[in-house]
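Q: Have a peek at final-v3.pdb (PDB, C-alpha atoms).
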ATOM      1  CA  MET A   1      39.061  30.590  -0.278
ATOM      2  CA  LYS A   2      35.424  31.551   0.070
ATOM      3  CA  LYS A   3      33.515  29.651   2.739
ATOM      4  CA  MET A   4      30.036  28.132   2.723
ATOM      5  CA  LYS A   5      27.542  27.316   5.425
ATOM      6  CA  TYR A   6      26.589  23.687   5.919
ATOM      7  CA  ILE A   7      24.833  21.446   8.413
ATOM      8  CA  SER A   8      26.970  19.127  10.507
ATOM      9  CA  ALA A   9      25.313  16.167  12.227
ATOM     10  CA  LYS A  10      26.645  14.650  15.436
ATOM     11  CA  GLU A  11      27.706  11.035  14.927
ATOM     12  CA  GLN A  12      24.847   8.747  16.006
ATOM     13  CA  GLY A  13      22.908  11.830  17.002
ATOM     14  CA  THR A  14      19.253  12.754  17.413
ATOM     15  CA  SER A  15      17.270  15.304  15.448
ATOM     16  CA  GLU A  16      18.525  17.905  17.920
ATOM     17  CA  ASP A  17      22.203  17.214  17.244
ATOM     18  CA  PHE A  18      22.768  19.499  14.264
ATOM     19  CA  PHE A  19      25.177  22.413  13.958
ATOM     20  CA  LEU A  20      25.342  25.187  11.361
ATOM     21  CA  LEU A  21      29.049  25.478  10.525
ATOM     22  CA  GLU A  22      31.356  26.868   7.845
ATOM     23  CA  ALA A  23      33.662  24.970   5.495
ATOM     24  CA  ASP A  24      35.528  25.489   2.246
ATOM     25  CA  ILE A  25      33.410  25.389  -0.882
ATOM     26  CA  PRO A  26      33.952  21.965  -2.534
ATOM     27  CA  GLU A  27      36.536  21.556  -5.281
ATOM     28  CA  ILE A  28      35.205  19.991  -8.480
ATOM     29  CA  GLY A  29      36.658  17.317 -10.735
ATOM     30  CA  PRO A  30      36.894  17.399 -14.536
ATOM     31  CA  ASN A  31      33.402  15.923 -15.024
ATOM     32  CA  GLU A  32      31.721  17.847 -12.226
ATOM     33  CA  VAL A  33      29.892  21.129 -11.837
ATOM     34  CA  LEU A  34      29.534  23.306  -8.765
ATOM     35  CA  ILE A  35      25.975  24.290  -7.977
ATOM     36  CA  LYS A  36      24.740  27.021  -5.680
ATOM     37  CA  ILE A  37      21.921  25.191  -3.929
ATOM     38  CA  HIS A  38      18.478  26.794  -3.758
ATOM     39  CA  PHE A  39      16.535  23.920  -2.183
ATOM     40  CA  SER A  40      17.399  20.403  -1.062
ATOM     41  CA  GLY A  41      15.283  17.391  -0.158
ATOM     42  CA  VAL A  42      15.124  15.536   3.139
ATOM     43  CA  ASN A  43      15.034  11.758   2.735
ATOM     44  CA  ARG A  44      14.840   8.744   5.037
ATOM     45  CA  PRO A  45      18.499   7.771   4.408
ATOM     46  CA  ASP A  46      19.495  11.154   5.865
ATOM     47  CA  ILE A  47      17.949  10.120   9.182
ATOM     48  CA  LEU A  48      19.553   6.680   9.083
ATOM     49  CA  GLN A  49      22.948   8.203   8.313
ATOM     50  CA  ARG A  50      22.557  10.688  11.164
ATOM     51  CA  GLU A  51      21.719   7.803  13.516
ATOM     52  CA  GLY A  52      24.766   5.831  12.410
ATOM     53  CA  LYS A  53      22.653   3.099  10.798
ATOM     54  CA  TYR A  54      23.588   3.898   7.196
ATOM     55  CA  LEU A  55      27.197   4.410   6.197
ATOM     56  CA  PRO A  56      27.753   6.550   3.096
ATOM     57  CA  PRO A  57      30.116   5.295   0.380
ATOM     58  CA  VAL A  58      33.762   6.138   1.060
ATOM     59  CA  ASP A  59      33.881   8.558  -1.876
ATOM     60  CA  ALA A  60      30.708  10.427  -0.850
ATOM     61  CA  SER A  61      30.476  13.818   0.800
ATOM     62  CA  PRO A  62      30.127  13.424   4.575
ATOM     63  CA  ILE A  63      27.472  16.165   4.498
ATOM     64  CA  LEU A  64      23.874  14.916   4.469
ATOM     65  CA  GLY A  65      21.566  15.515   1.499
ATOM     66  CA  LEU A  66      20.966  13.427  -1.626
ATOM     67  CA  GLU A  67      19.173  15.844  -3.977
ATOM     68  CA  ALA A  68      18.976  19.548  -4.691
ATOM     69  CA  SER A  69      18.116  22.222  -7.190
ATOM     70  CA  GLY A  70      20.417  25.104  -7.927
ATOM     71  CA  GLU A  71      22.427  27.270 -10.290
ATOM     72  CA  ILE A  72      25.621  26.079 -11.944
ATOM     73  CA  ILE A  73      28.401  28.510 -11.050
ATOM     74  CA  LYS A  74      31.516  26.565 -12.059
ATOM     75  CA  LEU A  75      32.367  23.943 -14.695
ATOM     76  CA  GLY A  76      34.938  21.158 -14.671
ATOM     77  CA  LYS A  77      37.300  21.127 -17.656
ATOM     78  CA  SER A  78      35.513  18.154 -19.306
ATOM     79  CA  VAL A  79      31.958  19.421 -18.802
ATOM     80  CA  HIS A  80      30.072  19.922 -22.084
ATOM     81  CA  ARG A  81      26.402  19.512 -21.133
ATOM     82  CA  TRP A  82      26.037  22.722 -19.162
ATOM     83  CA  LYS A  83      27.055  26.365 -19.017
ATOM     84  CA  ILE A  84      27.464  28.842 -16.177
ATOM     85  CA  GLY A  85      24.060  30.079 -15.009
ATOM     86  CA  ASP A  86      22.085  26.968 -15.973
ATOM     87  CA  LEU A  87      19.423  25.953 -13.447
ATOM     88  CA  VAL A  88      19.352  22.234 -12.704
ATOM     89  CA  THR A  89      17.992  19.583 -10.411
ATOM     90  CA  ALA A  90      20.594  17.075  -9.307
ATOM     91  CA  LEU A  91      21.105  13.688  -7.715
ATOM     92  CA  LEU A  92      23.890  14.243  -5.197
ATOM     93  CA  HIS A  93      26.513  11.911  -3.754
ATOM     94  CA  GLY A  94      25.893  13.677  -0.453
ATOM     95  CA  GLY A  95      26.324  17.366   0.246
ATOM     96  CA  GLY A  96      22.784  18.731  -0.068
ATOM     97  CA  TYR A  97      22.594  20.300   3.406
ATOM     98  CA  ALA A  98      24.967  23.071   2.316
ATOM     99  CA  GLU A  99      25.103  26.241   0.256
ATOM    100  CA  TYR A 100      27.179  24.642  -2.510
ATOM    101  CA  ALA A 101      27.704  21.105  -3.800
ATOM    102  CA  ALA A 102      29.854  19.375  -6.401
ATOM    103  CA  VAL A 103      27.962  16.979  -8.682
ATOM    104  CA  ASN A 104      28.685  14.864 -11.734
ATOM    105  CA  GLN A 105      27.542  16.603 -14.910
ATOM    106  CA  TYR A 106      25.479  13.578 -15.958
ATOM    107  CA  HIS A 107      23.587  13.522 -12.659
ATOM    108  CA  CYS A 108      22.185  16.995 -13.303
ATOM    109  CA  LEU A 109      18.933  17.304 -15.207
ATOM    110  CA  LYS A 110      17.196  20.330 -16.622
ATOM    111  CA  ILE A 111      14.389  21.865 -14.598
ATOM    112  CA  PRO A 112      11.140  20.657 -16.194
ATOM    113  CA  ILE A 113       9.360  23.604 -17.784
ATOM    114  CA  GLY A 114       6.720  25.005 -15.426
ATOM    115  CA  LEU A 115       8.244  23.666 -12.203
ATOM    116  CA  SER A 116       9.618  25.923  -9.487
ATOM    117  CA  MET A 117      13.077  25.452  -8.021
ATOM    118  CA  LEU A 118      11.398  24.077  -4.904
ATOM    119  CA  GLU A 119       9.444  21.473  -6.851
ATOM    120  CA  ALA A 120      12.479  20.582  -8.961
ATOM    121  CA  ALA A 121      14.576  19.891  -5.862
ATOM    122  CA  SER A 122      12.070  17.238  -4.765
ATOM    123  CA  LEU A 123      12.422  15.067  -7.869
ATOM    124  CA  CYS A 124      15.678  13.182  -8.172
ATOM    125  CA  GLU A 125      15.913  10.796  -5.224
ATOM    126  CA  ASN A 126      12.311   9.649  -5.724
ATOM    127  CA  TYR A 127      12.193   9.449  -9.501
ATOM    128  CA  PHE A 128      15.589   7.759  -9.861
ATOM    129  CA  THR A 129      14.535   5.163  -7.271
ATOM    130  CA  VAL A 130      11.012   4.471  -8.540
ATOM    131  CA  TRP A 131      11.822   4.518 -12.242
ATOM    132  CA  SER A 132      14.832   2.220 -11.936
ATOM    133  CA  ASN A 133      13.077  -0.280  -9.665
ATOM    134  CA  LEU A 134       9.480  -0.413 -10.906
ATOM    135  CA  PHE A 135      10.184  -0.029 -14.610
ATOM    136  CA  LEU A 136      13.808  -0.734 -15.519
ATOM    137  CA  ARG A 137      14.199  -3.701 -13.148
ATOM    138  CA  GLY A 138      10.603  -4.597 -12.301
ATOM    139  CA  ASN A 139       9.329  -4.306 -15.882
ATOM    140  CA  LEU A 140       5.894  -3.136 -14.734
ATOM    141  CA  LEU A 141       3.447  -3.641 -17.613
ATOM    142  CA  VAL A 142       0.132  -2.144 -18.687
ATOM    143  CA  GLY A 143      -2.751  -3.784 -16.839
ATOM    144  CA  GLU A 144      -0.641  -5.348 -14.103
ATOM    145  CA  LYS A 145      -1.588  -4.996 -10.446
ATOM    146  CA  VAL A 146       0.972  -3.317  -8.183
ATOM    147  CA  LEU A 147       1.007  -2.733  -4.430
ATOM    148  CA  ILE A 148       3.058   0.204  -3.154
ATOM    149  CA  HIS A 149       3.743   0.301   0.561
ATOM    150  CA  GLY A 150       4.094   3.698   2.222
ATOM    151  CA  GLY A 151       1.818   5.446  -0.242
ATOM    152  CA  THR A 152       2.157   9.031   1.036
ATOM    153  CA  SER A 153       5.934   9.061   1.288
ATOM    154  CA  GLY A 154       7.782  10.871  -1.474
ATOM    155  CA  ILE A 155       8.628   7.487  -2.998
ATOM    156  CA  GLY A 156       5.066   6.243  -2.629
ATOM    157  CA  LEU A 157       3.382   9.218  -4.276
ATOM    158  CA  THR A 158       5.885   9.135  -7.133
ATOM    159  CA  ALA A 159       5.268   5.418  -7.633
ATOM    160  CA  ILE A 160       1.473   5.789  -7.554
ATOM    161  CA  GLN A 161       1.564   8.479 -10.231
ATOM    162  CA  LEU A 162       4.062   6.759 -12.520
ATOM    163  CA  ALA A 163       2.444   3.325 -12.293
ATOM    164  CA  THR A 164      -1.025   4.771 -12.901
ATOM    165  CA  TYR A 165       0.110   6.848 -15.874
ATOM    166  CA  PHE A 166       1.751   3.853 -17.530
ATOM    167  CA  GLY A 167      -1.408   1.768 -17.241
ATOM    168  CA  ALA A 168      -0.975  -0.360 -14.127
ATOM    169  CA  LYS A 169      -3.656  -0.798 -11.467
ATOM    170  CA  VAL A 170      -2.323   0.515  -8.171
ATOM    171  CA  TRP A 171      -3.081  -0.268  -4.543
ATOM    172  CA  THR A 172      -1.216   1.122  -1.578
ATOM    173  CA  THR A 173      -0.912   1.144   2.208
ATOM    174  CA  ALA A 174      -0.910   4.160   4.520
ATOM    175  CA  GLY A 175      -1.336   4.878   8.223
ATOM    176  CA  THR A 176      -4.347   7.230   8.438
ATOM    177  CA  GLU A 177      -7.663   7.715   6.692
ATOM    178  CA  GLU A 178      -6.472  11.119   5.479
ATOM    179  CA  LYS A 179      -3.441   9.512   3.884
ATOM    180  CA  CYS A 180      -5.517   6.731   2.351
ATOM    181  CA  ASN A 181      -7.874   9.273   0.801
ATOM    182  CA  PHE A 182      -4.939  11.241  -0.581
ATOM    183  CA  CYS A 183      -3.522   8.093  -2.226
ATOM    184  CA  SER A 184      -6.880   7.460  -3.884
ATOM    185  CA  LYS A 185      -6.943  11.040  -5.211
ATOM    186  CA  MET A 186      -3.488  10.466  -6.698
ATOM    187  CA  GLY A 187      -4.695   7.447  -8.654
ATOM    188  CA  ALA A 188      -4.718   4.406  -6.370
ATOM    189  CA  GLU A 189      -7.614   1.964  -6.775
ATOM    190  CA  ALA A 190      -7.749   1.774  -2.983
ATOM    191  CA  ALA A 191      -5.515   2.337   0.033
ATOM    192  CA  VAL A 192      -5.372   0.083   3.091
ATOM    193  CA  ASN A 193      -5.062   1.720   6.510
ATOM    194  CA  TYR A 194      -2.521  -0.723   7.942
ATOM    195  CA  LYS A 195      -3.194   0.534  11.491
ATOM    196  CA  LYS A 196      -6.800  -0.669  11.247
ATOM    197  CA  GLN A 197      -6.523  -3.727   9.010
ATOM    198  CA  ASP A 198      -3.850  -6.199   7.991
ATOM    199  CA  PHE A 199      -3.150  -5.477   4.343
ATOM    200  CA  LEU A 200      -3.003  -9.177   3.472
ATOM    201  CA  ASP A 201      -6.502  -9.723   4.904
ATOM    202  CA  PHE A 202      -7.793  -6.741   2.914
ATOM    203  CA  PHE A 203      -6.810  -8.387  -0.362
ATOM    204  CA  LEU A 204      -7.369 -12.089   0.337
ATOM    205  CA  ASP A 205     -10.289 -12.287   2.818
ATOM    206  CA  ARG A 206     -12.887 -11.464   0.195
ATOM    207  CA  ALA A 207     -14.841 -13.311  -2.473
ATOM    208  CA  ASP A 208     -12.970 -11.524  -5.266
ATOM    209  CA  GLN A 209      -9.419 -12.035  -4.049
ATOM    210  CA  ILE A 210      -6.915  -9.516  -5.369
ATOM    211  CA  LYS A 211      -3.363 -10.683  -5.973
ATOM    212  CA  MET A 212      -0.446  -8.577  -7.120
ATOM    213  CA  ASP A 213       1.939  -8.846 -10.028
ATOM    214  CA  VAL A 214       4.427  -6.438  -8.477
ATOM    215  CA  ILE A 215       5.009  -5.184  -4.922
ATOM    216  CA  LEU A 216       7.276  -2.247  -4.089
ATOM    217  CA  ASP A 217       8.308  -2.681  -0.451
ATOM    218  CA  MET A 218      10.132  -0.222   1.779
ATOM    219  CA  VAL A 219       8.984  -1.860   5.036
ATOM    220  CA  GLY A 220      10.469  -5.364   5.204
ATOM    221  CA  GLY A 221      10.175  -7.215   8.503
ATOM    222  CA  ASN A 222       6.963  -9.227   8.796
ATOM    223  CA  TYR A 223       5.728  -7.712   5.534
ATOM    224  CA  ILE A 224       8.127  -9.919   3.560
ATOM    225  CA  GLU A 225       6.278 -13.203   3.928
ATOM    226  CA  LYS A 226       2.899 -11.487   3.507
ATOM    227  CA  ASN A 227       4.130  -9.922   0.275
ATOM    228  CA  ILE A 228       5.227 -13.320  -1.006
ATOM    229  CA  GLU A 229       1.797 -14.789  -0.229
ATOM    230  CA  LEU A 230       0.054 -11.888  -1.976
ATOM    231  CA  LEU A 231       1.960 -12.175  -5.251
ATOM    232  CA  ASN A 232       0.605 -13.884  -8.363
ATOM    233  CA  GLU A 233       2.612 -16.545 -10.151
ATOM    234  CA  GLU A 234       5.629 -14.957 -11.876
ATOM    235  CA  GLY A 235       5.216 -11.955  -9.547
ATOM    236  CA  ARG A 236       8.027  -9.598  -8.583
ATOM    237  CA  LEU A 237       8.866  -8.371  -5.087
ATOM    238  CA  ILE A 238      11.083  -5.289  -5.092
ATOM    239  CA  PHE A 239      12.875  -4.148  -1.928
ATOM    240  CA  ILE A 240      14.004  -0.530  -1.633
ATOM    241  CA  ALA A 241      14.230  -0.165   2.177
ATOM    242  CA  PHE A 242      13.656  -2.096   5.400
ATOM    243  CA  LEU A 243      11.978   0.207   7.912
ATOM    244  CA  LYS A 244      10.899  -2.811   9.984
ATOM    245  CA  GLY A 245      14.149  -4.699   9.531
ATOM    246  CA  SER A 246      15.978  -6.735   6.889
ATOM    247  CA  VAL A 247      16.336  -9.952   8.895
ATOM    248  CA  GLU A 248      13.227 -12.130   9.010
ATOM    249  CA  LYS A 249      12.422 -15.841   9.079
ATOM    250  CA  VAL A 250      10.696 -16.591   5.757
ATOM    251  CA  ASN A 251       9.381 -19.788   4.153
ATOM    252  CA  PHE A 252      10.735 -19.523   0.616
ATOM    253  CA  SER A 253       8.865 -22.521  -0.781
ATOM    254  CA  ARG A 254       6.203 -20.189  -2.213
ATOM    255  CA  VAL A 255       8.932 -18.388  -4.147
ATOM    256  CA  MET A 256       9.741 -21.633  -5.935
ATOM    257  CA  ILE A 257       6.145 -22.783  -6.362
ATOM    258  CA  LYS A 258       4.974 -19.451  -7.790
ATOM    259  CA  ARG A 259       8.248 -18.800  -9.677
ATOM    260  CA  LEU A 260       8.643 -15.393  -8.068
ATOM    261  CA  LYS A 261      11.424 -12.883  -8.572
ATOM    262  CA  LEU A 262      12.797 -11.098  -5.512
ATOM    263  CA  PHE A 263      15.220  -8.255  -5.987
ATOM    264  CA  GLY A 264      16.012  -4.766  -4.854
ATOM    265  CA  SER A 265      18.511  -1.969  -4.947
ATOM    266  CA  THR A 266      19.863   1.065  -3.181
ATOM    267  CA  LEU A 267      20.643   4.046  -5.344
ATOM    268  CA  ARG A 268      23.595   5.736  -3.701
ATOM    269  CA  PRO A 269      26.273   2.985  -4.014
ATOM    270  CA  GLN A 270      25.619   2.444  -7.726
ATOM    271  CA  SER A 271      28.283   3.457 -10.218
ATOM    272  CA  LEU A 272      28.429   6.870 -11.870
ATOM    273  CA  ASN A 273      27.567   5.210 -15.161
ATOM    274  CA  ALA A 274      24.543   3.349 -13.757
ATOM    275  CA  LYS A 275      23.083   6.551 -12.301
ATOM    276  CA  SER A 276      23.840   8.410 -15.534
ATOM    277  CA  GLN A 277      21.856   5.803 -17.491
ATOM    278  CA  ILE A 278      18.883   6.242 -15.166
ATOM    279  CA  ALA A 279      19.120  10.011 -15.638
ATOM    280  CA  ARG A 280      19.028   9.664 -19.436
ATOM    281  CA  SER A 281      16.010   7.366 -19.235
ATOM    282  CA  LEU A 282      14.191   9.836 -16.980
ATOM    283  CA  GLU A 283      14.914  12.754 -19.311
ATOM    284  CA  GLU A 284      13.505  10.787 -22.222
ATOM    285  CA  ASN A 285      10.503   9.105 -20.634
ATOM    286  CA  VAL A 286       9.471  11.018 -17.506
ATOM    287  CA  TRP A 287      10.570  14.665 -17.635
ATOM    288  CA  PRO A 288       8.147  15.430 -20.515
ATOM    289  CA  LEU A 289       5.301  14.139 -18.339
ATOM    290  CA  LEU A 290       6.249  16.568 -15.579
ATOM    291  CA  GLU A 291       6.221  19.411 -18.091
ATOM    292  CA  GLN A 292       2.788  18.302 -19.309
ATOM    293  CA  LYS A 293       1.511  18.200 -15.676
ATOM    294  CA  LYS A 294       0.663  14.517 -16.015
ATOM    295  CA  LEU A 295       2.882  13.976 -12.977
ATOM    296  CA  VAL A 296       2.993  16.492 -10.127
ATOM    297  CA  PRO A 297       5.450  16.914  -7.240
ATOM    298  CA  VAL A 298       3.823  16.859  -3.804
ATOM    299  CA  ILE A 299       5.487  19.090  -1.212
ATOM    300  CA  ASP A 300       4.579  18.566   2.427
ATOM    301  CA  SER A 301       6.613  21.307   4.096
ATOM    302  CA  VAL A 302       9.616  23.617   3.699
ATOM    303  CA  PHE A 303      12.134  24.528   6.422
ATOM    304  CA  ASP A 304      15.084  26.897   6.428
ATOM    305  CA  LEU A 305      18.456  25.167   6.396
ATOM    306  CA  ALA A 306      19.057  26.306   9.983
ATOM    307  CA  ASP A 307      15.805  24.596  11.002
ATOM    308  CA  VAL A 308      16.891  21.155   9.815
ATOM    309  CA  SER A 309      16.032  19.693  13.241
ATOM    310  CA  LYS A 310      12.382  20.563  12.630
ATOM    311  CA  ALA A 311      12.534  18.902   9.215
ATOM    312  CA  HIS A 312      13.938  15.673  10.671
ATOM    313  CA  ARG A 313      11.353  15.659  13.449
ATOM    314  CA  ARG A 314       8.648  16.046  10.822
ATOM    315  CA  MET A 315       9.923  13.006   8.942
ATOM    316  CA  GLU A 316      10.364  10.957  12.094
ATOM    317  CA  SER A 317       6.738  11.678  13.029
ATOM    318  CA  SER A 318       5.557  10.056   9.764
ATOM    319  CA  ALA A 319       2.813  12.688   9.674
ATOM    320  CA  HIS A 320       3.996  14.101   6.344
ATOM    321  CA  ILE A 321       2.314  13.660   2.969
ATOM    322  CA  GLY A 322       4.879  14.158   0.231
ATOM    323  CA  LYS A 323       8.329  15.717   0.358
ATOM    324  CA  ILE A 324       9.984  17.587   3.217
ATOM    325  CA  MET A 325      12.316  20.264   1.875
ATOM    326  CA  LEU A 326      15.066  22.619   3.021
ATOM    327  CA  LYS A 327      15.428  26.176   1.716
ATOM    328  CA  VAL A 328      19.077  27.123   1.307
ATOM    329  CA  TRP A 329      19.007  30.195  -0.972
ATOM    330  CA  ASP A 330      15.926  32.048  -2.186
TER     331      ASP A 330
END
Let me see whether you can do it: turn the structure in this file into structure tokens.

A:
Amino acid sequence: MKKMKYISAKEQGTSEDFFLLEADIPEIGPNEVLIKIHFSGVNRPDILQREGKYLPPVDASPILGLEASGEIIKLGKSVHRWKIGDLVTALLHGGGYAEYAAVNQYHCLKIPIGLSMLEAASLCENYFTVWSNLFLRGNLLVGEKVLIHGGTSGIGLTAIQLATYFGAKVWTTAGTEEKCNFCSKMGAEAAVNYKKQDFLDFFLDRADQIKMDVILDMVGGNYIEKNIELLNEEGRLIFIAFLKGSVEKVNFSRVMIKRLKLFGSTLRPQSLNAKSQIARSLEENVWPLLEQKKLVPVIDSVFDLADVSKAHRRMESSAHIGKIMLKVWD
């Protein structure tokens, strides 16, 4: 059997504990396709999994990597959406740090016209997450005010663009003046440099207090209670990660008084059908906007697969603006 190169991560390892190894090319099931990966995205869960802080589902590939673009080179017997040679971007159940990956046919999407394979590889993890949380669950409406924490992350920049396009008023937080300015260029009303000013003070310690209808939070920790205070009545607080921790002492009386909704999700453990439904909604509502250049991918940096340590160090530094990518095949 032909072999492929892939990246192996040491259990509970650092960004230096990667090895370029060989393994059998994955077998595919009836509803799967095999893609030859051109580019794959680096995401925060990859780092958490490498550190032993995020366990993948039992049926997932043990190889890191949650999204990729590539060429379909093999079809499962029940596949009808695709043909050999099609170029796709895909949401992966692991396996992106490799030359080949098996993926469900319904989790592959066409490459939006006008986008490169590099840009296409940066889409799925961010757009699936933002679209499902802000719009399908959060029901973000025209004219509503939304705060997006971590504005220059891949998730943050996707959320700023989508929320702005669909008529919401967007604010965000970021850690440098450069990042704050970039968020404003992408459509945010304003960005708060959280290293210089408490974001809650920025919005409430002013004559014209600004309160939010929706908050997309990937920070957690002591942000949780501040988010609750910042929300309007009937507001929605959406959790998608907890970079500062998921355990916090919180006074929930404001949740009752203001009739708030608190919810969240992680993408990877969801069922095949749930992720397929998100994919269909994206193809219908969002992919045309990418083709019309009303939404644009933001790429921070690209590293060869063998240089994955550099890519992880870049993400751990939090200096990036946009997506960090791996080049697998040209």

Q: Extract, using only C-alpha atoms, all DNA, RNA and protein residues at most 9 Å from region 312-320 of chain A, discarding same-chain residues fewer than 6 positions from it, and format them as number ranges by chain.

A: A: 15-16, 42-44, 46-47, 152-153, 175, 300-301

Q: As a check of understanding, name the residues that the PyMOL selection byres ((chain A and resi 60-76) around 7) selects in the supplied structure, as a ChimeraX atom specification.

A: /A:8,28-42,46,56-59,77-79,84-97,117,120-121,124-125

Q: Write out, as a PDB file, keeping the file's coordinate frame, the residues just selected, with C-alpha atoms.

A:
ATOM      1  CA  SER A   8      26.970  19.127  10.507  1.00  0.00           C
ATOM      2  CA  ILE A  28      35.205  19.991  -8.480  1.00  0.00           C
ATOM      3  CA  GLY A  29      36.658  17.317 -10.735  1.00  0.00           C
ATOM      4  CA  PRO A  30      36.894  17.399 -14.536  1.00  0.00           C
ATOM      5  CA  ASN A  31      33.402  15.923 -15.024  1.00  0.00           C
ATOM      6  CA  GLU A  32      31.721  17.847 -12.226  1.00  0.00           C
ATOM      7  CA  VAL A  33      29.892  21.129 -11.837  1.00  0.00           C
ATOM      8  CA  LEU A  34      29.534  23.306  -8.765  1.00  0.00           C
ATOM      9  CA  ILE A  35      25.975  24.290  -7.977  1.00  0.00           C
ATOM     10  CA  LYS A  36      24.740  27.021  -5.680  1.00  0.00           C
ATOM     11  CA  ILE A  37      21.921  25.191  -3.929  1.00  0.00           C
ATOM     12  CA  HIS A  38      18.478  26.794  -3.758  1.00  0.00           C
ATOM     13  CA  PHE A  39      16.535  23.920  -2.183  1.00  0.00           C
ATOM     14  CA  SER A  40      17.399  20.403  -1.062  1.00  0.00           C
ATOM     15  CA  GLY A  41      15.283  17.391  -0.158  1.00  0.00           C
ATOM     16  CA  VAL A  42      15.124  15.536   3.139  1.00  0.00           C
ATOM     17  CA  ASP A  46      19.495  11.154   5.865  1.00  0.00           C
ATOM     18  CA  PRO A  56      27.753   6.550   3.096  1.00  0.00           C
ATOM     19  CA  PRO A  57      30.116   5.295   0.380  1.00  0.00           C
ATOM     20  CA  VAL A  58      33.762   6.138   1.060  1.00  0.00           C
ATOM     21  CA  ASP A  59      33.881   8.558  -1.876  1.00  0.00           C
ATOM     22  CA  LYS A  77      37.300  21.127 -17.656  1.00  0.00           C
ATOM     23  CA  SER A  78      35.513  18.154 -19.306  1.00  0.00           C
ATOM     24  CA  VAL A  79      31.958  19.421 -18.802  1.00  0.00           C
ATOM     25  CA  ILE A  84      27.464  28.842 -16.177  1.00  0.00           C
ATOM     26  CA  GLY A  85      24.060  30.079 -15.009  1.00  0.00           C
ATOM     27  CA  ASP A  86      22.085  26.968 -15.973  1.00  0.00           C
ATOM     28  CA  LEU A  87      19.423  25.953 -13.447  1.00  0.00           C
ATOM     29  CA  VAL A  88      19.352  22.234 -12.704  1.00  0.00           C
ATOM     30  CA  THR A  89      17.992  19.583 -10.411  1.00  0.00           C
ATOM     31  CA  ALA A  90      20.594  17.075  -9.307  1.00  0.00           C
ATOM     32  CA  LEU A  91      21.105  13.688  -7.715  1.00  0.00           C
ATOM     33  CA  LEU A  92      23.890  14.243  -5.197  1.00  0.00           C
ATOM     34  CA  HIS A  93      26.513  11.911  -3.754  1.00  0.00           C
ATOM     35  CA  GLY A  94      25.893  13.677  -0.453  1.00  0.00           C
ATOM     36  CA  GLY A  95      26.324  17.366   0.246  1.00  0.00           C
ATOM     37  CA  GLY A  96      22.784  18.731  -0.068  1.00  0.00           C
ATOM     38  CA  TYR A  97      22.594  20.300   3.406  1.00  0.00           C
ATOM     39  CA  MET A 117      13.077  25.452  -8.021  1.00  0.00           C
ATOM     40  CA  ALA A 120      12.479  20.582  -8.961  1.00  0.00           C
ATOM     41  CA  ALA A 121      14.576  19.891  -5.862  1.00  0.00           C
ATOM     42  CA  CYS A 124      15.678  13.182  -8.172  1.00  0.00           C
ATOM     43  CA  GLU A 125      15.913  10.796  -5.224  1.00  0.00           C
TER      44      GLU A 125
END

Q: Excluding same-chain residues fewer than 2 positions from Lys249 (chain A), what lies within 9 Å of it counting all atoms listed in the file, as a ChimeraX atom specification?

A: /A:221-222,225,247,251

Q: Rank A:Ile324, A:Ala102, A:Val146, A:Cys108 by their smallest atom-to-atom distance to Ala279 (chain A), using only C-alpha atoms, and report the top residue only.

A: A:Cys108

Q: Would you please work out which residue, of A:Gln12, A:Thr158, A:Gln209, A:Thr176, is nearest to Leu295 (chain A) when using all atoms listed in the file?

A: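 Looking only at the distances to Leu295 (chain A), the closest residue turns out to be A:Thr158.
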
Q: The PyMOL selection byres ((chain A and resi 230) around 12) on the file shown: which residues, as a PyMOL selection string?

A: chain A and resi 145-147+199-205+209-215+223-229+231-237+254-255+258+260

Q: Counting only C-alpha atoms, select every polymer residue within 6 Å of (2.4, 4.3, 2.5) as defined in the file's coordinates, and provide the selection as a ChimeraX atom specification.

A: /A:149-152,173-174

Q: For the structure provided, state which residues fall under the PyMOL selection byres ((chain A and resi 99) around 7), and present them as a list in words.

A: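 Matching residues under the PyMOL selection byres ((chain A and resi 99) around 7) are Met4, Lys5, Tyr6, Lys36, Ile37, Ala98, Tyr100 and Val328 of chain A.
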
Q: Using only C-alpha atoms, please write the residues we just selected to a file, as a CSV table (one decimal), keeping the file's coordinate frame.

A:
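This is the output file part_16.csv:
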chain,number,residue,atom,x,y,z
A,4,MET,CA,30.0,28.1,2.7
A,5,LYS,CA,27.5,27.3,5.4
A,6,TYR,CA,26.6,23.7,5.9
A,36,LYS,CA,24.7,27.0,-5.7
A,37,ILE,CA,21.9,25.2,-3.9
A,98,ALA,CA,25.0,23.1,2.3
A,100,TYR,CA,27.2,24.6,-2.5
A,328,VAL,CA,19.1,27.1,1.3

Q: Can you work out which one of A:Asn133, A:Ser122, A:Asn285, A:Gln292 has the shortest atom-to-atom distance to Asp217 (chain A), counting all atoms listed in the file?

A: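 Of A:Asn133, A:Ser122, A:Asn285, A:Gln292, the one nearest Asp217 (chain A) is A:Asn133, counting all atoms listed in the file.
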
Q: Choose the residue, out of A:Val308, A:Val219, A:Ile238, A:Ile299, that has the smallest atom-to-atom separation from Leu157 (chain A); count only C-alpha atoms.

A: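 Using only C-alpha atoms, Leu157 (chain A) sits closest to A:Ile299.
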
Q: Excluding Ala191 (chain A) and residues on its chain fewer than 6 positions from it, collect all residues at most 6 Å away from it, counting all atoms listed in the file, and give them as a ChimeraX atom specification.

A: /A:171-173,180
